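Peer 1: Just passing along the structure, written as structure tokens.
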Amino acid sequence: MTLVERWSAGHASVLAGSPDVPSERVPRRRGPVRPGVLGRVLLAAVLGLGVTAAPAAAAPADEACTPEPGVVKLPGGEPWAQKRLDIKTAWRLSTGAGVRVAVIDSGLDVKHPQLPWLAEFVDFTGTGYTDCVGHGTAVTGIIAGRVYPGVAFHGVAPRATVIELKQSSQAEGHVATLAAAIDKAVQLKADVINISIKAADNPALKAAVRNALANDIVIVAAAGNITDKKEDVPAYPGSYEGVLAVGSATPDGRRADSSNTATPVAVLGPGVGVIAPWPGGAYKLDLEGSSFGAAYVSGTAALVRARFPHLDQEQVRRRIIATADGSVGEGTGAGMVNPVQAVSAVLPFEPAGRPLVAAPPPPGIPVDAIARVPREDVMARNVSLAVTAGALILVAVAGALAFVLPLGRSRGWRARTPT
């Protein structure tokens with residue numbers, strides 16, 4: 001059975017409510033596709049991978065759904081992004097439980113063993129429960145991929161709940177659909193929205209973003225990627241005020257060459273050499289793009305919202321920025337996101353007593369606060385010992401004389417007569 005055939009069979013089983021994917025956990029919902037084309041949006045990471053931006057002519061789902069092949073076996077060792085962010089240490093305080101993350105993307109491989117059960121799957125394309133690009137599966141896996149025995153990869157917030165909103169089945173979609181997907185995420189009470197998409201400024205999109213922010217939803221968006229075909233221009237919704245725009249970082253924390261600098265980047269996320277789940281129960285190696293950096297930051301936002309549910313969306317955004325590793329130049333914002341600090345740091349600008357995690361460590365004692373112990377004077381020590389020994393000898397001699405002299409006088413200094 002080919003990959004396309006497996007997808008076709010999987011789609012049928014989901015619609016029928018098969019035991020593999022219970023229908024009540026993945027309800028079939030469709031949002032309207034508005035007829036007016038207000039503009040087109042591009043999957044940010046697809047641009048970084050060099051996939052053709054122009055859509056092909058419309059085709060039936062069973063013919064067009066051909067994502068690039070992935071691999072079944074991962075290389076040995078933990079992926080660099082997980083080690084760099086020290087995600088498992090952050091899990092001591094938060095795993096994202098109870099947080100609803102909306103992912104607006106190209107769909108999801110709902111049968112992938114590491115992908116979470118969905119709260120909702122909203123299909124704006126009419127193409128069903130598939131991911132014909134692979135982008136949505138990768139992004140969702142980075143955000144909330146479950147721990148799986150024997151697999152080194154895992155998501156940032158494995159206990160978060162995902163709302164998947166399929167806004168396109170190809171590498172390109174419509175701004176109207178993107179705006180409608182954001183509105184739907186608000187209706188479904190999302191706590192975080194991940195938008196790994198680059199679009200042009202648009203009134204409908206801007207209004208949808210403002211509405212989501214007003215409903216206390218953290219919006220994380222990709223800063224976009226630089227390609228030979230596209231000018232380095234601001235990406236939307238990442239450039240809107242209140243949106244947490246994310247650039248792409250290399251393993252050493254620098255901005256990736258492909259990361260857009262025209263978008264006002266807030267923080268960086270791993271975006272080079274990324275490993276993530278892929279359609280067909282597989283994985284994709286060496287992914288690149290700000291889309292994946294945004295996914296790591298969305299996962300971090302889920303950790304923060306679960307850890308500090310009293311913080312509003314603006315406070316969550318400020319906390320993520322304040323606890324990042326620090327700027328490393330143009331287009332890097334506050335630097336690499338730091339999930340451990342994001343869920344543990346005490347910040348002075350937050351409300352008094354919130355969040356109460358732990359008092360900051362006391363400042364270190366200055367080096368010159370305590371005088372150094374002087375080196376031992378060996379000669380002085382030896383002289384002192386010699387003087388002390390001489391004094392003891394004199395005392396002993398004096399004691400002996402004090403005993404012997406009176407005894408000698410009493411005998412007239414005569415030797416004792418032997419008996």
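Chain labels A, B, ... are given in the sequence in which chains occur in the structure tokens; within each chain residues are numbered consecutively from 1, and ligands are likewise numbered from 1 in the order shown.
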DSSP says strand (DSSP E) for which residues of range 155-221 of chain A? Put them as a VMD selection string?

Peer 2: chain A and resid 161 to 166 172 to 174 192 to 195 197 to 198 218 to 221

Peer 1: From a DSSP pass on the backbone, collect the residues of range 94-275 of chain A flagged as helix (DSSP H, G or I) and hand them back as a PDB file with C-alpha atoms, in the first residue's frame.

Peer 2:
```
ATOM      1  CA  HIS A 135       4.207  21.029   8.084  1.00  0.00           C
ATOM      2  CA  GLY A 136       1.285  20.845  10.514  1.00  0.00           C
ATOM      3  CA  THR A 137       2.323  17.426  11.795  1.00  0.00           C
ATOM      4  CA  ALA A 138       5.854  18.662  12.493  1.00  0.00           C
ATOM      5  CA  VAL A 139       4.724  21.855  14.233  1.00  0.00           C
ATOM      6  CA  THR A 140       2.137  20.071  16.365  1.00  0.00           C
ATOM      7  CA  GLY A 141       4.646  17.397  17.351  1.00  0.00           C
ATOM      8  CA  ILE A 142       7.173  19.973  18.529  1.00  0.00           C
ATOM      9  CA  ILE A 143       4.542  21.723  20.625  1.00  0.00           C
ATOM     10  CA  ALA A 144       2.901  18.742  22.289  1.00  0.00           C
ATOM     11  CA  VAL A 175      -5.662  35.153   4.357  1.00  0.00           C
ATOM     12  CA  ALA A 176      -9.448  34.972   4.731  1.00  0.00           C
ATOM     13  CA  THR A 177      -9.176  31.356   5.857  1.00  0.00           C
ATOM     14  CA  LEU A 178      -6.353  32.188   8.258  1.00  0.00           C
ATOM     15  CA  ALA A 179      -8.453  34.944   9.836  1.00  0.00           C
ATOM     16  CA  ALA A 180     -11.433  32.594  10.104  1.00  0.00           C
ATOM     17  CA  ALA A 181      -9.236  29.969  11.771  1.00  0.00           C
ATOM     18  CA  ILE A 182      -8.084  32.487  14.384  1.00  0.00           C
ATOM     19  CA  ASP A 183     -11.705  33.409  15.101  1.00  0.00           C
ATOM     20  CA  LYS A 184     -12.555  29.717  15.431  1.00  0.00           C
ATOM     21  CA  ALA A 185      -9.712  29.212  17.900  1.00  0.00           C
ATOM     22  CA  VAL A 186     -11.214  31.978  20.016  1.00  0.00           C
ATOM     23  CA  GLN A 187     -14.603  30.249  19.926  1.00  0.00           C
ATOM     24  CA  PRO A 203      -7.507  44.175   7.785  1.00  0.00           C
ATOM     25  CA  ALA A 204      -9.381  40.928   8.389  1.00  0.00           C
ATOM     26  CA  LEU A 205      -6.259  39.242   9.735  1.00  0.00           C
ATOM     27  CA  LYS A 206      -5.453  42.182  11.982  1.00  0.00           C
ATOM     28  CA  ALA A 207      -8.996  42.245  13.357  1.00  0.00           C
ATOM     29  CA  ALA A 208      -8.872  38.498  14.109  1.00  0.00           C
ATOM     30  CA  VAL A 209      -5.564  38.914  15.957  1.00  0.00           C
ATOM     31  CA  ARG A 210      -6.889  41.809  18.018  1.00  0.00           C
ATOM     32  CA  ASN A 211      -9.969  39.797  18.926  1.00  0.00           C
ATOM     33  CA  ALA A 212      -7.852  36.844  20.063  1.00  0.00           C
ATOM     34  CA  LEU A 213      -5.595  39.044  22.185  1.00  0.00           C
ATOM     35  CA  ALA A 214      -8.648  40.697  23.730  1.00  0.00           C
TER      36      ALA A 214
END
```

Peer 1: I'd like the contact shell of Ile321 in chain A - 10 Å cut-off, only C-alpha atoms, skipping same-chain residues fewer than 2 positions apart - returned as a PyMOL selection string.

Peer 2: chain A and resi 244+266-268+315-319+323-326+333-338+342

Peer 1: With only C-alpha atoms as the atoms that count, which of A:Val265, A:Ala90, A:Cys65, A:Ala190 lies nearest to Ala222 in chain A?

Peer 2: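 Checking each of A:Val265, A:Ala90, A:Cys65, A:Ala190 against Ala222 in chain A, counting only C-alpha atoms, the winner is A:Val265.
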